[in-house]
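Read the structure below first, then the notes.
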Amino acid sequence: MKLAIVIVSYNGKRWLKATLMSCTKFAKKVPVYVVYNASTYGSADYIAQEFSDAHLIREIKNTGFAGGNNIGIQAALAAGAEAIFLLNQDAELTNDCLEKLSKYLLNNPRVAAVQPAIFLPDGRVNSLGNGYHFLGFGFAGGNGLTLKQAYQQVPWARAGTEPPYVSGAAVLLRASALRQVGLFDEELFLYHEDLELSLRLRLAEWSLAVVDTARVIHHYDSKRSNQQFYFMERNRWLVWLLYFKLPTLIILSVIWLPMEVLLLLLGFVGGWLPAKIKSYAYFFTFRPWLYIRERRRVLQKLRTCTDRHLLSYATARIQFQTTNSWLVEYVLNP
């Protein structure tokens with residue numbers, strides 16, 4: 001299987017050396033595409049000088065995680081890649097990771113996306129596959145837990161079943177599946193783009209998987225800015241409006257609306273209320289609704305399953321979120 005690696009670089013010079021060295025060490029014959037996403041810290045020149053074998057794509061505009069990865073994926077597809085491995089700029093490959101993932105794709109022809117077990121530098125889990133709440137909150141399965149704890153507490157890991165969605169931080173994507181369903185939705189820009197692509201693949205009857213013997217180290221930073229809160233909240237609404245039918249959305253609104261009141265209060269206390277208000281403002285213009293209407297038409301052509309099936313992968317509890325645990329456990333989850 002012909003592979004390629006895509007890394008989107010945005011102000012990530014402090015991580016890139018370790019990331020690219022891990023590719024050089026553990027994926028010597030795999031072409032690496034680095035998309036320089038309009039960074040401001042000179043990382044493009046550093047890549048060109050220190051890692052001249054990498055295919056450097058300089059972008060003068062920041063197209064976000066979704067757009068940046070799409071540029072790299074398109075270049076890899078044009079070069080004949082049969083599977084593309086997305087790797088965060090702050091993540092590192094380990095020995096045999098790509099070999100194990102590519103072998104899994106070869107042996108499982110209906111799997112479109114397979115991720116490794118992603119670990120934090122201290123050995124705790126970052127993701128054994130990602131989960132989503134029925135109101136659209138996404139979370140990394142097992143984040144911050146020991147491996148033993150994660151296998152006990154992450155439902156799909158405990159049961160050995162398909163993860164709700166795969167993490168964009170490190171995932172191998174089958175080229176033929178991407179050609180069928182398309183690449184990342186660039187309207188999302190940042191956050192939930194991996195959830196949306198996973199849902200789209202499932203609409204078209206593709207499966208997702210985690211190979212826990214393949215491993216990646218992720219220097220994960222859980223801090224959140226107002227801009228990040230904006231995209232997380234906006235995109236949570238946007239993905240659900242794209243995927244679910246009106247009767248489903250009406251049913252969900254019984255809990256969704258009280259949750260929004262609570263989130264406004266939490267935003268006020270936590271200092272991210274302006275971001276929350278801004279996420280609402282996005283929907284008070286005409287353009288997003290035109291986009292939603294046209295995008296829903298595209299998705300309907302792929303659909304082979306019901307809303308009930310998509311929501312069967314959802315949880316009623318937000319688990320392992322980076323939010324303060326007491327807020328999640330005693331306020332949001334009830």
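Identifiers in this document derive from the order of the structure tokens: chains are assigned A, B, ..., residues are numbered from 1 separately in each chain, and ligands are numbered from 1 in order of occurrence.
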Could you tell me, as number ranges by chain, which residues of range 57-189 of chain A DSSP assigns to strand (DSSP E or B) when given the backbone?
A: 57-59, 83-87, 91-93, 111-119, 125-127, 130-133, 138-140, 165, 170-174
May I have the residues within 10 Å of Phe283 in chain A as a PyMOL selection string, using only C-alpha atoms and disregarding those fewer than 5 positions away in the same chain?
chain A and resi 234+237-238+278+288-289
Keeping N, CA, C and O atoms for every residue in the selection just given, could you write it to a file as a compact mmCIF listing (two decimals), in the first residue's frame?
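The resulting file, again-v2.txt, is shown below:
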# COMPACT_ATOMS: atom_id res chain seq x y z
N ARG A 234 -19.64 26.64 17.83
CA ARG A 234 -20.28 26.85 16.53
C ARG A 234 -20.38 25.54 15.75
O ARG A 234 -21.43 25.19 15.20
N TRP A 237 -22.99 22.85 16.84
CA TRP A 237 -24.32 23.10 16.26
C TRP A 237 -24.33 22.78 14.78
O TRP A 237 -25.26 22.14 14.28
N LEU A 238 -23.30 23.22 14.07
CA LEU A 238 -23.28 23.11 12.63
C LEU A 238 -23.33 21.65 12.16
O LEU A 238 -24.10 21.30 11.26
N LYS A 278 -20.71 34.77 20.11
CA LYS A 278 -20.25 34.85 18.73
C LYS A 278 -20.66 33.60 17.94
O LYS A 278 -20.98 33.68 16.76
N PRO A 288 -24.64 31.08 6.09
CA PRO A 288 -24.56 29.74 6.69
C PRO A 288 -25.75 28.85 6.36
O PRO A 288 -25.60 27.64 6.18
N TRP A 289 -26.93 29.43 6.27
CA TRP A 289 -28.11 28.62 6.00
C TRP A 289 -28.15 28.15 4.55
O TRP A 289 -28.64 27.04 4.26
Distance table requested - range 145-202 of chain A against range 80-89 of chain A, cut-off 6 Å, only C-alpha atoms: one row per qualifying residue with the closest atom pair and its distance in Å to one decimal, ordered by chain and rising residue number, as a Markdown table.
| residue | atom | partner | partner_atom | distance |
| --- | --- | --- | --- | --- |
| A:Ala169 | CA | A:Asn88 | CA | 4.9 |
| A:Ala170 | CA | A:Leu87 | CA | 4.7 |
| A:Val171 | CA | A:Leu86 | CA | 5.4 |
| A:Leu172 | CA | A:Phe85 | CA | 4.2 |
| A:Leu173 | CA | A:Ile84 | CA | 5.2 |
| A:Arg174 | CA | A:Ala83 | CA | 4.5 |
| A:Ala175 | CA | A:Ala83 | CA | 5.0 |
Interatomic distance between CA of Thr213 in chain A and CA of Pro116 in chain A?
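Between these atoms lies a distance of 7.2 Å.
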10 Å contact set for range 12-27 of chain A, only C-alpha atoms, chain neighbours under 2 positions out, as a PDB file with C-alpha atoms, in the first residue's frame:
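See result28.pdb below for the written result:
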ATOM      1  CA  LEU A   3       1.362   5.733   1.870  1.00  0.00           C
ATOM      2  CA  ALA A   4       1.894   9.442   2.438  1.00  0.00           C
ATOM      3  CA  ILE A   5       2.092  11.575   5.584  1.00  0.00           C
ATOM      4  CA  ILE A   7       1.386  17.488   8.552  1.00  0.00           C
ATOM      5  CA  VAL A   8      -0.206  20.923   8.853  1.00  0.00           C
ATOM      6  CA  SER A   9       2.144  23.466  10.406  1.00  0.00           C
ATOM      7  CA  TYR A  10       0.747  26.556  12.086  1.00  0.00           C
ATOM      8  CA  LYS A  29      10.374   5.669   2.543  1.00  0.00           C
ATOM      9  CA  VAL A  30       7.050   7.451   3.054  1.00  0.00           C
ATOM     10  CA  PRO A  31       6.736  10.902   1.432  1.00  0.00           C
ATOM     11  CA  VAL A  32       5.923  13.665   3.909  1.00  0.00           C
ATOM     12  CA  VAL A  34       4.133  19.655   5.234  1.00  0.00           C
ATOM     13  CA  TYR A  36       2.884  25.653   5.947  1.00  0.00           C
ATOM     14  CA  SER A  39       2.491  30.707  10.175  1.00  0.00           C
ATOM     15  CA  THR A  40       4.375  33.681  11.588  1.00  0.00           C
ATOM     16  CA  TYR A  41       7.416  32.097  13.241  1.00  0.00           C
ATOM     17  CA  GLY A  42       9.604  31.122  10.289  1.00  0.00           C
ATOM     18  CA  SER A  43       8.880  27.418  10.422  1.00  0.00           C
ATOM     19  CA  ALA A  44       8.774  27.130   6.610  1.00  0.00           C
ATOM     20  CA  TYR A  46      13.356  25.825   9.042  1.00  0.00           C
ATOM     21  CA  ILE A  47      11.622  22.893   7.334  1.00  0.00           C
ATOM     22  CA  GLU A  50      16.574  20.971   8.003  1.00  0.00           C
ATOM     23  CA  PHE A  51      14.159  18.552   6.281  1.00  0.00           C
ATOM     24  CA  ASP A  53      13.251  15.715   1.685  1.00  0.00           C
ATOM     25  CA  ALA A  54       9.825  16.828   2.897  1.00  0.00           C
ATOM     26  CA  LEU A  87      -0.184  13.639  11.887  1.00  0.00           C
ATOM     27  CA  ASN A  88      -0.499  16.676  14.146  1.00  0.00           C
ATOM     28  CA  GLN A  89       2.472  19.003  14.197  1.00  0.00           C
ATOM     29  CA  ASP A  90       2.856  18.247  17.924  1.00  0.00           C
ATOM     30  CA  ALA A  91       2.755  14.446  17.586  1.00  0.00           C
ATOM     31  CA  GLU A  92       5.434  11.817  16.972  1.00  0.00           C
ATOM     32  CA  LEU A  93       5.413   8.449  15.261  1.00  0.00           C
ATOM     33  CA  THR A  94       6.718   5.372  17.035  1.00  0.00           C
ATOM     34  CA  ASN A  95       8.218   2.194  15.638  1.00  0.00           C
ATOM     35  CA  ASP A  96       5.949   0.079  13.369  1.00  0.00           C
ATOM     36  CA  CYS A  97       2.990   2.448  13.744  1.00  0.00           C
ATOM     37  CA  LEU A  98       2.380   2.976  10.034  1.00  0.00           C
ATOM     38  CA  GLU A  99       3.095  -0.640   9.190  1.00  0.00           C
ATOM     39  CA  VAL A 216       1.708   7.880  18.580  1.00  0.00           C
ATOM     40  CA  ILE A 217       2.949  10.361  21.188  1.00  0.00           C
ATOM     41  CA  HIS A 218       0.951  13.595  21.330  1.00  0.00           C
ATOM     42  CA  HIS A 219       2.248  16.704  23.120  1.00  0.00           C
TER      43      HIS A 219
END
Top pick for closest residue to Ser198 in chain A, considering A:Asp122, A:Glu233, A:Glu329, A:Glu162 and counting only C-alpha atoms:
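Closest candidate: A:Glu162.
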At a cut-off of 10 Å, using only C-alpha atoms, what residues contact Arg308 in chain A? Leave out same-chain residues fewer than 5 positions from it and give the result as a list in words.
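In the requested form, the answer reads Phe244, Thr248, Tyr313 and Ala314 of chain A.
With only C-alpha atoms taken into account, the protein and nucleic acid residues at most 10 Å from Met259 in chain A (excluding it and anything under 4 positions from it in its own chain) are A:Leu135, A:Ser253, A:Val254, A:Ile255, A:Leu263, A:Leu264, A:Leu265, A:Val331, A:Leu332, A:Asn333.
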Any chance you could list, as an mmCIF file with N, CA and C atoms, in the first residue's frame, the residues in range 141-205 of chain A that come up helix (DSSP H, G or I) when DSSP is run on the backbone?
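states15.cif, written as the output of this step:
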data_model
loop_
_atom_site.group_PDB
_atom_site.id
_atom_site.type_symbol
_atom_site.label_atom_id
_atom_site.label_comp_id
_atom_site.auth_asym_id
_atom_site.auth_seq_id
_atom_site.Cartn_x
_atom_site.Cartn_y
_atom_site.Cartn_z
ATOM 1 N N LEU A 147 -3.605 3.491 30.787
ATOM 2 C CA LEU A 147 -4.116 2.566 29.783
ATOM 3 C C LEU A 147 -5.106 1.580 30.407
ATOM 4 N N LYS A 148 -4.800 1.090 31.591
ATOM 5 C CA LYS A 148 -5.697 0.156 32.264
ATOM 6 C C LYS A 148 -7.035 0.811 32.562
ATOM 7 N N GLN A 149 -7.002 2.044 33.065
ATOM 8 C CA GLN A 149 -8.242 2.760 33.366
ATOM 9 C C GLN A 149 -9.051 3.005 32.088
ATOM 10 N N ALA A 150 -8.354 3.357 30.994
ATOM 11 C CA ALA A 150 -9.039 3.646 29.737
ATOM 12 C C ALA A 150 -9.767 2.416 29.222
ATOM 13 N N TYR A 151 -9.126 1.253 29.304
ATOM 14 C CA TYR A 151 -9.780 0.029 28.839
ATOM 15 C C TYR A 151 -10.980 -0.324 29.707
ATOM 16 N N GLN A 152 -10.969 0.099 30.949
ATOM 17 C CA GLN A 152 -12.095 -0.173 31.841
ATOM 18 C C GLN A 152 -13.238 0.824 31.640
ATOM 19 N N GLN A 153 -12.906 2.061 31.256
ATOM 20 C CA GLN A 153 -13.907 3.125 31.257
ATOM 21 C C GLN A 153 -14.376 3.585 29.876
ATOM 22 N N PRO A 155 -16.138 2.973 26.647
ATOM 23 C CA PRO A 155 -17.074 1.908 26.274
ATOM 24 C C PRO A 155 -16.638 1.069 25.084
ATOM 25 N N TRP A 156 -16.202 1.699 23.991
ATOM 26 C CA TRP A 156 -15.849 0.936 22.788
ATOM 27 C C TRP A 156 -14.538 0.177 22.957
ATOM 28 N N ALA A 157 -13.623 0.708 23.774
ATOM 29 C CA ALA A 157 -12.381 -0.013 24.047
ATOM 30 C C ALA A 157 -12.669 -1.238 24.911
ATOM 31 N N ARG A 158 -13.553 -1.054 25.897
ATOM 32 C CA ARG A 158 -13.917 -2.163 26.783
ATOM 33 C C ARG A 158 -14.626 -3.272 26.010
ATOM 34 N N ALA A 159 -15.470 -2.872 25.074
ATOM 35 C CA ALA A 159 -16.258 -3.861 24.325
ATOM 36 C C ALA A 159 -15.548 -4.353 23.065
ATOM 37 N N ALA A 175 -7.638 6.207 0.628
ATOM 38 C CA ALA A 175 -7.822 7.140 -0.479
ATOM 39 C C ALA A 175 -9.139 6.901 -1.208
ATOM 40 N N SER A 176 -9.509 5.651 -1.462
ATOM 41 C CA SER A 176 -10.738 5.362 -2.206
ATOM 42 C C SER A 176 -11.973 5.844 -1.453
ATOM 43 N N ALA A 177 -11.941 5.778 -0.116
ATOM 44 C CA ALA A 177 -13.062 6.275 0.684
ATOM 45 C C ALA A 177 -13.157 7.793 0.586
ATOM 46 N N LEU A 178 -12.013 8.462 0.618
ATOM 47 C CA LEU A 178 -12.011 9.926 0.503
ATOM 48 C C LEU A 178 -12.510 10.363 -0.869
ATOM 49 N N ARG A 179 -12.137 9.615 -1.896
ATOM 50 C CA ARG A 179 -12.625 9.965 -3.232
ATOM 51 C C ARG A 179 -14.143 9.821 -3.320
ATOM 52 N N GLN A 180 -14.697 8.899 -2.552
ATOM 53 C CA GLN A 180 -16.143 8.707 -2.586
ATOM 54 C C GLN A 180 -16.883 9.787 -1.810
ATOM 55 N N VAL A 181 -16.432 10.083 -0.586
ATOM 56 C CA VAL A 181 -17.206 10.971 0.293
ATOM 57 C C VAL A 181 -16.669 12.395 0.339
ATOM 58 N N GLU A 193 -13.937 18.756 12.717
ATOM 59 C CA GLU A 193 -13.797 18.320 11.324
ATOM 60 C C GLU A 193 -13.575 16.809 11.236
ATOM 61 N N ASP A 194 -12.893 16.232 12.241
ATOM 62 C CA ASP A 194 -12.709 14.781 12.247
ATOM 63 C C ASP A 194 -14.006 14.062 12.598
ATOM 64 N N LEU A 195 -14.813 14.643 13.477
ATOM 65 C CA LEU A 195 -16.137 14.081 13.781
ATOM 66 C C LEU A 195 -17.017 14.101 12.537
ATOM 67 N N GLU A 196 -17.023 15.224 11.838
ATOM 68 C CA GLU A 196 -17.882 15.342 10.652
ATOM 69 C C GLU A 196 -17.468 14.354 9.577
ATOM 70 N N LEU A 197 -16.173 14.211 9.325
ATOM 71 C CA LEU A 197 -15.717 13.263 8.310
ATOM 72 C C LEU A 197 -16.051 11.830 8.717
ATOM 73 N N SER A 198 -15.926 11.521 9.993
ATOM 74 C CA SER A 198 -16.266 10.178 10.472
ATOM 75 C C SER A 198 -17.746 9.881 10.270
ATOM 76 N N LEU A 199 -18.604 10.850 10.558
ATOM 77 C CA LEU A 199 -20.041 10.668 10.334
ATOM 78 C C LEU A 199 -20.338 10.472 8.846
ATOM 79 N N ARG A 200 -19.640 11.227 8.010
ATOM 80 C CA ARG A 200 -19.866 11.130 6.569
ATOM 81 C C ARG A 200 -19.443 9.762 6.033
ATOM 82 N N LEU A 201 -18.325 9.273 6.529
ATOM 83 C CA LEU A 201 -17.883 7.936 6.125
ATOM 84 C C LEU A 201 -18.894 6.876 6.565
ATOM 85 N N ARG A 202 -19.428 7.050 7.753
ATOM 86 C CA ARG A 202 -20.409 6.079 8.242
ATOM 87 C C ARG A 202 -21.711 6.167 7.438
ATOM 88 N N LEU A 203 -22.088 7.370 7.006
ATOM 89 C CA LEU A 203 -23.264 7.512 6.147
ATOM 90 C C LEU A 203 -23.141 6.645 4.903
#
Find the residues near Asn70 in chain A: any atom within 10 Å, counting only C-alpha atoms, skip ones fewer than 6 places away on the same chain, and give them as a VMD selection string.
chain A and resid 6 8 35 63 to 64 76 182 to 186
Residues from the last selection, N, CA and C atoms, saved as an mmCIF file, in the first residue's frame:
data_model
loop_
_atom_site.group_PDB
_atom_site.id
_atom_site.type_symbol
_atom_site.label_atom_id
_atom_site.label_comp_id
_atom_site.auth_asym_id
_atom_site.auth_seq_id
_atom_site.Cartn_x
_atom_site.Cartn_y
_atom_site.Cartn_z
ATOM 1 N N VAL A 6 0.783 13.575 5.958
ATOM 2 C CA VAL A 6 0.443 14.992 5.839
ATOM 3 C C VAL A 6 0.497 15.635 7.217
ATOM 4 N N VAL A 8 0.116 19.507 8.994
ATOM 5 C CA VAL A 8 -0.206 20.923 8.853
ATOM 6 C C VAL A 8 0.568 21.694 9.919
ATOM 7 N N VAL A 35 2.263 21.185 5.130
ATOM 8 C CA VAL A 35 1.526 22.359 4.666
ATOM 9 C C VAL A 35 1.799 23.498 5.637
ATOM 10 N N THR A 63 -5.784 28.391 6.264
ATOM 11 C CA THR A 63 -7.028 27.721 5.881
ATOM 12 C C THR A 63 -7.551 26.796 6.973
ATOM 13 N N GLY A 64 -6.960 26.885 8.171
ATOM 14 C CA GLY A 64 -7.423 26.070 9.285
ATOM 15 C C GLY A 64 -6.934 24.636 9.198
ATOM 16 N N ALA A 76 -1.038 14.497 -1.972
ATOM 17 C CA ALA A 76 -0.708 13.074 -1.819
ATOM 18 C C ALA A 76 -1.526 12.208 -2.769
ATOM 19 N N GLY A 182 -15.435 12.622 -0.138
ATOM 20 C CA GLY A 182 -14.851 13.949 -0.070
ATOM 21 C C GLY A 182 -13.892 14.103 1.101
ATOM 22 N N LEU A 183 -13.232 15.245 1.149
ATOM 23 C CA LEU A 183 -12.232 15.517 2.176
ATOM 24 C C LEU A 183 -12.882 16.249 3.349
ATOM 25 N N PHE A 184 -12.080 16.897 4.182
ATOM 26 C CA PHE A 184 -12.624 17.620 5.324
ATOM 27 C C PHE A 184 -13.522 18.765 4.856
ATOM 28 N N ASP A 185 -14.532 19.059 5.641
ATOM 29 C CA ASP A 185 -15.429 20.182 5.371
ATOM 30 C C ASP A 185 -14.739 21.467 5.837
ATOM 31 N N GLU A 186 -14.329 22.304 4.885
ATOM 32 C CA GLU A 186 -13.534 23.488 5.215
ATOM 33 C C GLU A 186 -14.337 24.585 5.893
#
Quick one: distance from CA of Gln115 in chain A to CA of Leu310 in chain A in Å, one decimal?
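CA of Gln115 in chain A sits 19.7 Å away from CA of Leu310 in chain A.
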Which residue gives the smallest distance to Ser127 in chain A among A:Lys61, A:Arg215, A:Lys301, A:Arg110, with only C-alpha atoms counted?
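Once distances to Ser127 in chain A are computed over only C-alpha atoms, the minimum belongs to A:Arg215.
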